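Next comes my_file-v7.cif, with mmCIF, C-alpha atoms.
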data_query
#
loop_
_atom_site.label_atom_id
_atom_site.label_comp_id
_atom_site.auth_asym_id
_atom_site.auth_seq_id
_atom_site.Cartn_x
_atom_site.Cartn_y
_atom_site.Cartn_z
CA MET Z 16 194.00 -49.75 21.78
CA ILE Z 17 194.59 -46.00 22.10
CA ALA Z 18 193.35 -44.56 25.39
CA THR Z 19 190.81 -41.75 25.07
CA ALA Z 20 191.04 -38.77 27.40
CA HIS Z 21 187.81 -37.68 29.06
CA PRO Z 22 187.00 -34.21 30.35
CA THR Z 23 187.27 -33.72 34.09
CA PRO Z 24 183.80 -33.80 35.76
CA LEU Z 25 182.50 -30.30 36.45
CA SER Z 26 182.33 -31.03 40.16
CA ASP Z 27 186.07 -31.76 40.24
CA ILE Z 28 187.27 -28.61 38.50
CA GLY Z 29 189.31 -26.42 40.82
CA TYR Z 30 190.14 -22.74 40.89
CA PRO Z 31 191.32 -20.40 39.44
CA ARG Z 32 189.46 -20.82 36.19
CA LEU Z 33 188.30 -18.96 33.10
CA CYS Z 34 184.77 -17.97 32.14
CA ALA Z 35 184.15 -17.10 28.49
CA HIS Z 36 182.18 -13.84 28.47
CA ARG Z 37 179.30 -14.11 25.97
CA GLY Z 38 181.16 -17.13 24.59
CA LEU Z 39 184.30 -16.64 22.53
CA SER Z 40 183.09 -13.12 21.84
CA ALA Z 41 186.33 -11.68 20.47
CA CYS Z 42 186.22 -14.18 17.60
CA CYS Z 43 182.52 -14.89 17.00
CA PRO Z 44 179.24 -12.98 17.17
CA GLU Z 45 178.59 -12.71 20.91
CA ASN Z 46 175.96 -14.84 22.66
CA THR Z 47 175.41 -17.05 19.60
CA LEU Z 48 175.70 -20.83 19.42
CA PRO Z 49 178.98 -20.61 17.45
CA ALA Z 50 180.49 -18.33 20.11
CA LEU Z 51 179.38 -20.63 22.91
CA ALA Z 52 180.54 -23.78 21.11
CA ALA Z 53 183.90 -22.18 20.32
CA ALA Z 54 184.39 -21.36 24.01
CA MET Z 55 183.71 -24.97 24.90
CA GLY Z 56 186.16 -26.04 22.20
CA VAL Z 57 188.89 -23.89 23.77
CA GLY Z 58 188.31 -25.83 26.97
CA VAL Z 59 187.07 -23.22 29.43
CA PRO Z 60 185.10 -24.64 32.36
CA GLU Z 61 182.63 -21.72 32.59
CA ILE Z 62 180.67 -19.82 29.96
CA GLU Z 63 178.70 -16.62 30.56
CA LEU Z 64 175.58 -15.63 28.62
CA ASP Z 65 172.73 -13.13 28.93
CA LEU Z 66 168.99 -13.82 29.06
CA TRP Z 67 165.89 -11.78 28.25
CA ARG Z 68 162.26 -12.86 27.78
CA THR Z 69 160.40 -12.18 24.55
CA SER Z 70 156.84 -10.85 24.43
CA ASP Z 71 155.56 -14.40 23.93
CA GLY Z 72 157.57 -15.90 26.78
CA VAL Z 73 160.70 -17.33 25.14
CA LEU Z 74 164.08 -16.94 26.86
CA ALA Z 75 166.38 -15.34 24.27
CA VAL Z 76 170.17 -15.08 24.55
CA CYS Z 77 171.25 -11.47 24.01
CA HIS Z 78 173.17 -8.92 26.05
CA ASP Z 79 171.30 -5.70 25.31
CA PRO Z 80 167.62 -4.98 26.03
CA SER Z 81 167.22 -4.29 22.31
CA VAL Z 82 168.50 -6.08 19.21
CA ASP Z 83 169.79 -2.91 17.56
CA ARG Z 84 173.52 -3.32 18.29
CA THR Z 85 173.90 -7.06 17.79
CA THR Z 86 171.61 -7.77 14.82
CA ASP Z 87 170.29 -6.23 11.62
CA GLY Z 88 166.98 -5.51 13.33
CA HIS Z 89 165.48 -2.99 15.71
CA GLY Z 90 163.36 -3.11 18.82
CA ALA Z 91 163.24 -4.21 22.43
CA ILE Z 92 163.39 -7.96 23.02
CA SER Z 93 160.53 -7.73 25.50
CA GLU Z 94 158.34 -6.27 22.76
CA LEU Z 95 159.29 -8.75 20.02
CA THR Z 96 158.00 -12.28 19.51
CA TRP Z 97 160.31 -15.25 19.15
CA ASP Z 98 159.38 -15.58 15.47
CA GLU Z 99 160.39 -11.96 14.94
CA LEU Z 100 163.74 -12.59 16.64
CA CYS Z 101 164.33 -15.67 14.49
CA ALA Z 102 164.14 -13.52 11.38
CA LEU Z 103 167.09 -11.38 12.53
CA ASP Z 104 170.77 -11.86 11.67
CA ALA Z 105 173.14 -11.77 14.64
CA GLY Z 106 176.13 -12.17 12.32
CA ALA Z 107 175.32 -9.26 10.04
CA GLY Z 108 178.17 -7.08 11.31
CA TRP Z 109 180.78 -9.86 11.08
CA GLY Z 110 181.12 -10.29 7.33
CA ASP Z 111 179.81 -12.85 4.87
CA ASP Z 112 181.15 -15.88 6.75
CA TRP Z 113 178.86 -15.16 9.70
CA ARG Z 114 175.82 -13.97 7.79
CA GLY Z 115 172.64 -15.73 8.86
CA THR Z 116 173.76 -16.53 12.42
CA PRO Z 117 170.61 -16.51 14.57
CA ILE Z 118 169.90 -15.43 18.13
CA PRO Z 119 169.59 -18.64 20.16
CA ARG Z 120 166.95 -19.50 22.71
CA PHE Z 121 167.97 -20.74 26.15
CA GLU Z 122 166.81 -24.31 25.51
CA GLN Z 123 169.21 -24.55 22.56
CA VAL Z 124 172.08 -23.48 24.81
CA LEU Z 125 171.17 -26.09 27.39
CA ALA Z 126 171.09 -28.77 24.70
CA LEU Z 127 174.55 -27.71 23.52
CA LEU Z 128 176.32 -26.94 26.81
CA GLY Z 129 174.24 -28.42 29.63
CA GLY Z 130 176.48 -30.45 31.94
CA ARG Z 131 179.54 -29.81 29.77
CA ALA Z 132 180.44 -26.38 31.17
CA VAL Z 133 179.31 -24.36 34.17
CA LEU Z 134 176.82 -21.76 32.95
CA ASN Z 135 177.07 -18.23 34.32
CA LEU Z 136 173.56 -17.00 33.51
CA HIS Z 137 173.21 -13.23 33.59
CA VAL Z 138 169.46 -12.79 33.97
CA LYS Z 139 168.94 -9.20 32.91
CA GLU Z 140 165.54 -8.56 34.51
CA THR Z 141 163.05 -10.37 36.72
CA GLY Z 142 160.13 -10.26 34.31
CA LEU Z 143 156.54 -9.57 35.31
CA ALA Z 144 156.00 -11.07 38.78
CA GLY Z 145 159.40 -12.77 38.44
CA ALA Z 146 158.44 -14.72 35.31
CA THR Z 147 161.88 -14.56 33.68
CA VAL Z 148 163.70 -15.74 36.79
CA HIS Z 149 161.12 -18.46 37.43
CA GLN Z 150 161.42 -19.77 33.88
CA VAL Z 151 165.22 -19.97 34.11
CA CYS Z 152 165.03 -21.80 37.43
CA ASP Z 153 162.38 -24.21 36.15
CA LEU Z 154 164.46 -25.20 33.13
CA LEU Z 155 167.59 -25.78 35.22
CA CYS Z 156 165.66 -27.92 37.69
CA GLN Z 157 163.81 -29.89 35.00
CA LYS Z 158 167.05 -30.71 33.17
CA GLY Z 159 169.02 -31.57 36.30
CA LEU Z 160 171.49 -28.71 35.81
CA VAL Z 161 171.21 -26.97 39.18
CA GLU Z 162 174.78 -27.94 40.07
CA ALA Z 163 176.13 -26.90 36.66
CA ALA Z 164 174.81 -23.34 36.50
CA TYR Z 165 174.24 -20.21 38.54
CA ILE Z 166 172.04 -17.15 38.18
CA ALA Z 167 173.88 -13.83 38.18
CA GLY Z 168 171.96 -10.60 38.58
CA ASP Z 169 171.13 -7.44 40.44
CA GLU Z 170 169.29 -7.27 43.75
CA ALA Z 171 165.83 -7.75 42.25
CA VAL Z 172 166.93 -10.86 40.33
CA LEU Z 173 168.67 -12.30 43.39
CA ALA Z 174 165.59 -11.75 45.55
CA ALA Z 175 163.31 -13.42 43.00
CA ALA Z 176 165.65 -16.38 42.56
CA GLN Z 177 166.18 -16.92 46.29
CA SER Z 178 162.47 -16.80 46.97
CA TYR Z 179 161.43 -19.08 44.10
CA ALA Z 180 164.23 -21.64 43.87
CA PRO Z 181 166.79 -21.25 46.68
CA GLU Z 182 168.55 -24.41 45.53
CA VAL Z 183 169.77 -22.67 42.35
CA PRO Z 184 173.14 -20.98 43.08
CA ARG Z 185 173.34 -17.20 42.83
CA ALA Z 186 176.05 -14.67 41.97
CA CYS Z 187 175.73 -11.03 43.04
CA LEU Z 188 176.22 -8.37 40.36
CA GLY Z 189 174.61 -5.56 42.34
CA GLN Z 190 176.63 -2.76 43.97
CA GLN Z 191 179.65 -3.52 41.76
CA ALA Z 192 180.89 0.06 42.08
CA ASP Z 193 181.29 -0.49 45.85
CA PRO Z 194 182.90 -3.89 46.55
CA ASP Z 195 182.31 -3.69 50.31
CA ALA Z 196 178.60 -3.04 49.77
CA GLN Z 197 178.57 -5.80 47.17
CA ILE Z 198 179.88 -8.32 49.69
CA GLU Z 199 177.10 -7.39 52.10
CA LEU Z 200 174.49 -7.68 49.35
CA ALA Z 201 175.80 -11.12 48.40
CA ARG Z 202 175.49 -12.25 52.00
CA ARG Z 203 171.97 -10.83 52.29
CA TYR Z 204 170.77 -13.04 49.46
CA ALA Z 205 172.84 -16.10 50.48
CA CYS Z 206 174.87 -16.00 47.27
CA GLN Z 207 177.63 -18.48 46.59
CA ARG Z 208 179.51 -15.99 44.40
CA LEU Z 209 179.89 -12.36 43.52
CA GLN Z 210 181.32 -10.68 40.46
CA PHE Z 211 183.73 -7.87 41.24
CA GLY Z 212 184.77 -5.08 38.91
CA ARG Z 213 188.41 -4.39 38.09
CA HIS Z 214 188.84 -1.86 40.92
CA VAL Z 215 188.49 -4.51 43.65
CA THR Z 216 191.39 -4.73 46.13
CA PRO Z 217 193.12 -7.82 47.56
CA THR Z 218 191.71 -6.90 50.99
CA GLN Z 219 188.16 -6.95 49.63
CA ILE Z 220 188.77 -10.24 47.83
CA ALA Z 221 190.08 -11.73 51.10
CA ARG Z 222 187.02 -10.45 52.94
CA ALA Z 223 184.72 -12.11 50.42
CA HIS Z 224 186.64 -15.37 50.76
CA GLU Z 225 186.29 -15.19 54.54
CA GLY Z 226 182.53 -15.12 53.98
CA GLY Z 227 182.72 -18.25 51.81
CA LEU Z 228 182.18 -16.43 48.51
CA ILE Z 229 183.74 -17.42 45.19
CA CYS Z 230 185.12 -14.27 43.53
CA ASN Z 231 184.56 -13.63 39.83
CA LEU Z 232 186.25 -10.75 38.02
CA PHE Z 233 184.73 -8.75 35.20
CA TRP Z 234 186.99 -8.76 33.19
CA SER Z 235 190.50 -9.43 31.76
CA ASP Z 236 191.64 -10.17 28.21
CA GLU Z 237 195.44 -10.07 28.64
CA PRO Z 238 197.43 -13.00 30.12
CA ASP Z 239 199.68 -10.84 32.34
CA ASP Z 240 196.71 -8.85 33.59
CA ALA Z 241 194.72 -12.00 34.34
CA ARG Z 242 197.70 -13.50 36.16
CA ALA Z 243 197.93 -10.42 38.37
CA TYR Z 244 194.27 -10.73 39.41
CA VAL Z 245 194.67 -14.43 40.13
CA GLN Z 246 197.63 -13.60 42.37
CA ARG Z 247 195.40 -11.13 44.24
CA GLY Z 248 192.97 -13.96 44.94
CA ILE Z 249 190.39 -13.86 42.13
CA ASP Z 250 188.88 -17.29 41.46
CA VAL Z 251 187.20 -16.83 38.07
CA ILE Z 252 188.33 -14.52 35.27
CA LEU Z 253 185.63 -13.45 32.82
CA THR Z 254 187.23 -12.87 29.44
CA ASN Z 255 186.26 -12.07 25.87
CA SER Z 256 189.44 -13.77 24.63
CA ALA Z 257 189.52 -17.17 26.28
CA GLN Z 258 191.67 -18.48 23.44
CA ARG Z 259 194.45 -16.10 24.54
CA LEU Z 260 194.26 -16.90 28.23
CA ALA Z 261 193.67 -20.66 28.09
CA GLY Z 262 196.89 -22.55 28.62
CA GLY Z 263 198.53 -19.44 30.04
CA GLY Z 264 200.23 -21.27 32.88
CA PHE Z 265 197.45 -21.15 35.48
CA PRO Z 266 196.30 -24.41 37.07
CA ASN Z 267 192.63 -25.19 36.38
CA LEU Z 268 192.11 -22.37 33.91
CA THR Z 269 191.30 -25.07 31.38
CA TRP Z 270 189.83 -28.47 32.05
CA ARG Z 271 190.69 -30.70 29.10
#

Rewrite the coordinates I just gave you, this time as structure tokens.
Amino acid sequence: MIATAHPTPLSDIGYPRLCAHRGLSACCPENTLPALAAAMGVGVPEIELDLWRTSDGVLAVCHDPSVDRTTDGHGAISELTWDELCALDAGAGWGDDWRGTPIPRFEQVLALLGGRAVLNLHVKETGLAGATVHQVCDLLCQKGLVEAAYIAGDEAVLAAAQSYAPEVPRACLGQQADPDAQIELARRYACQRLQFGRHVTPTQIARAHEGGLICNLFWSDEPDDARAYVQRGIDVILTNSAQRLAGGGFPNLTWR
């Protein structure tokens, strides 16, 4: 009998590691199910995606507040219904092979990736009275995915998440232009992580580690560049080109 290899449990994956930014976004329409599935196929342990809430309360996966750049449609997601989003083509700018690719809803992503990769969930706004944040937290708790995901956001999102569901891990995106202020903000909201920009220094990374914070980097797409940031102490590299960086000689950058 031929032995079958099994993926390492998420809880056992070490650092440093890769996080596929909007899925395998250099090769597929960003934030779509094909992009997310392709990232998982490459073997990255973390996948980042962006969430907005439609006018009728559906969590849609899209980076921008409007659909203008990423689809053949127009309008703000918060002002469109889910049925209206479903009629749009997120693959329209990628040629005939991608035509007809839809915007996914968050539940579809959880069905595809839940428990199979750590989800870096960039919640783009709190929603009215925190509704967007609450809905994300509720779904993670209902599906038993609290330990396999984290909410990333600005100060308002962090405050809403900490107040509503403190058990859901948080990553600080606020104050990214000032890493020292960002560290303080992460501590204020009891974050487990923060996501630095490329201007962060080794001293600031060390300071974050001293406070028990996991350090993400936004972003790196070149193997030598990513290696340099790992050597400075970065734990998680967000990348648009996970297929280029995976297998690049770093321990734990891939998990299969």

Note to self: Quick check on the file I pasted: which residues fall under the PyMOL selection byres ((chain Z and resi 236-251) around 8)? Write them as a ChimeraX atom specification.
What the structure shows: /Z:30-34,216-217,220-221,229-232,234-235,252-257,259-260,263,265

Tell me, as a PDB file with C-alpha atoms, in the frame of the given file, which residues lie within 10 Å of Arg202 in chain Z, counting only C-alpha atoms; anything in the same chain fewer than 6 positions away does not count.
ATOM      1  CA  CYS Z 187     175.730 -11.030  43.040  1.00  0.00           C
ATOM      2  CA  ALA Z 196     178.600  -3.040  49.770  1.00  0.00           C
ATOM      3  CA  ARG Z 208     179.510 -15.990  44.400  1.00  0.00           C
ATOM      4  CA  LEU Z 209     179.890 -12.360  43.520  1.00  0.00           C
ATOM      5  CA  ALA Z 223     184.720 -12.110  50.420  1.00  0.00           C
ATOM      6  CA  GLY Z 226     182.530 -15.120  53.980  1.00  0.00           C
ATOM      7  CA  GLY Z 227     182.720 -18.250  51.810  1.00  0.00           C
ATOM      8  CA  LEU Z 228     182.180 -16.430  48.510  1.00  0.00           C
TER       9      LEU Z 228
END

Note to self: Using the chain letters and numbers from this file, what does the PyMOL selection byres ((chain Z and resi 136-142) around 9) select? Give the answer as a ChimeraX atom specification.
What the structure shows: /Z:62-68,78-80,134-135,143-149,151,164-169,171-173,175-176,186,188

Keeping only C-alpha atoms, write those residues as an mmCIF file, in the coordinates of the input.
data_model
loop_
_atom_site.group_PDB
_atom_site.id
_atom_site.type_symbol
_atom_site.label_atom_id
_atom_site.label_comp_id
_atom_site.auth_asym_id
_atom_site.auth_seq_id
_atom_site.Cartn_x
_atom_site.Cartn_y
_atom_site.Cartn_z
ATOM 1 C CA ILE Z 62 180.670 -19.820 29.960
ATOM 2 C CA GLU Z 63 178.700 -16.620 30.560
ATOM 3 C CA LEU Z 64 175.580 -15.630 28.620
ATOM 4 C CA ASP Z 65 172.730 -13.130 28.930
ATOM 5 C CA LEU Z 66 168.990 -13.820 29.060
ATOM 6 C CA TRP Z 67 165.890 -11.780 28.250
ATOM 7 C CA ARG Z 68 162.260 -12.860 27.780
ATOM 8 C CA HIS Z 78 173.170 -8.920 26.050
ATOM 9 C CA ASP Z 79 171.300 -5.700 25.310
ATOM 10 C CA PRO Z 80 167.620 -4.980 26.030
ATOM 11 C CA LEU Z 134 176.820 -21.760 32.950
ATOM 12 C CA ASN Z 135 177.070 -18.230 34.320
ATOM 13 C CA LEU Z 143 156.540 -9.570 35.310
ATOM 14 C CA ALA Z 144 156.000 -11.070 38.780
ATOM 15 C CA GLY Z 145 159.400 -12.770 38.440
ATOM 16 C CA ALA Z 146 158.440 -14.720 35.310
ATOM 17 C CA THR Z 147 161.880 -14.560 33.680
ATOM 18 C CA VAL Z 148 163.700 -15.740 36.790
ATOM 19 C CA HIS Z 149 161.120 -18.460 37.430
ATOM 20 C CA VAL Z 151 165.220 -19.970 34.110
ATOM 21 C CA ALA Z 164 174.810 -23.340 36.500
ATOM 22 C CA TYR Z 165 174.240 -20.210 38.540
ATOM 23 C CA ILE Z 166 172.040 -17.150 38.180
ATOM 24 C CA ALA Z 167 173.880 -13.830 38.180
ATOM 25 C CA GLY Z 168 171.960 -10.600 38.580
ATOM 26 C CA ASP Z 169 171.130 -7.440 40.440
ATOM 27 C CA ALA Z 171 165.830 -7.750 42.250
ATOM 28 C CA VAL Z 172 166.930 -10.860 40.330
ATOM 29 C CA LEU Z 173 168.670 -12.300 43.390
ATOM 30 C CA ALA Z 175 163.310 -13.420 43.000
ATOM 31 C CA ALA Z 176 165.650 -16.380 42.560
ATOM 32 C CA ALA Z 186 176.050 -14.670 41.970
ATOM 33 C CA LEU Z 188 176.220 -8.370 40.360
#

Check: Written as a ChimeraX atom specification, what is the full residue list that the PyMOL selection byres ((chain Z and resi 115) around 8) yields on the file shown?
Finding: /Z:103-107,113-114,116-117

Write the selection just made, keeping C-alpha atoms, as a PDB file, keeping the file's coordinate frame?
ATOM      1  CA  LEU Z 103     167.090 -11.380  12.530  1.00  0.00           C
ATOM      2  CA  ASP Z 104     170.770 -11.860  11.670  1.00  0.00           C
ATOM      3  CA  ALA Z 105     173.140 -11.770  14.640  1.00  0.00           C
ATOM      4  CA  GLY Z 106     176.130 -12.170  12.320  1.00  0.00           C
ATOM      5  CA  ALA Z 107     175.320  -9.260  10.040  1.00  0.00           C
ATOM      6  CA  TRP Z 113     178.860 -15.160   9.700  1.00  0.00           C
ATOM      7  CA  ARG Z 114     175.820 -13.970   7.790  1.00  0.00           C
ATOM      8  CA  THR Z 116     173.760 -16.530  12.420  1.00  0.00           C
ATOM      9  CA  PRO Z 117     170.610 -16.510  14.570  1.00  0.00           C
TER      10      PRO Z 117
END

Item checked: Given all atoms listed in the file as the counted atoms, nearest of Z:Val133, Z:Ala261, Z:Ile92, Z:Ala126 to Ala163 in chain Z ->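 Between Z:Val133, Z:Ala261, Z:Ile92, Z:Ala126, the residue approaching Ala163 in chain Z most closely is Z:Val133.
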
Check: How many Å separate CA of Ile198 in chain Z from CA of Glu182 in chain Z?
Finding: 20.1 Å

Notebook entry, point to check: Any idea what the distance is between CA of Asp153 in chain Z and CA of Ile28 in chain Z?
Noted result: 25.4 Å
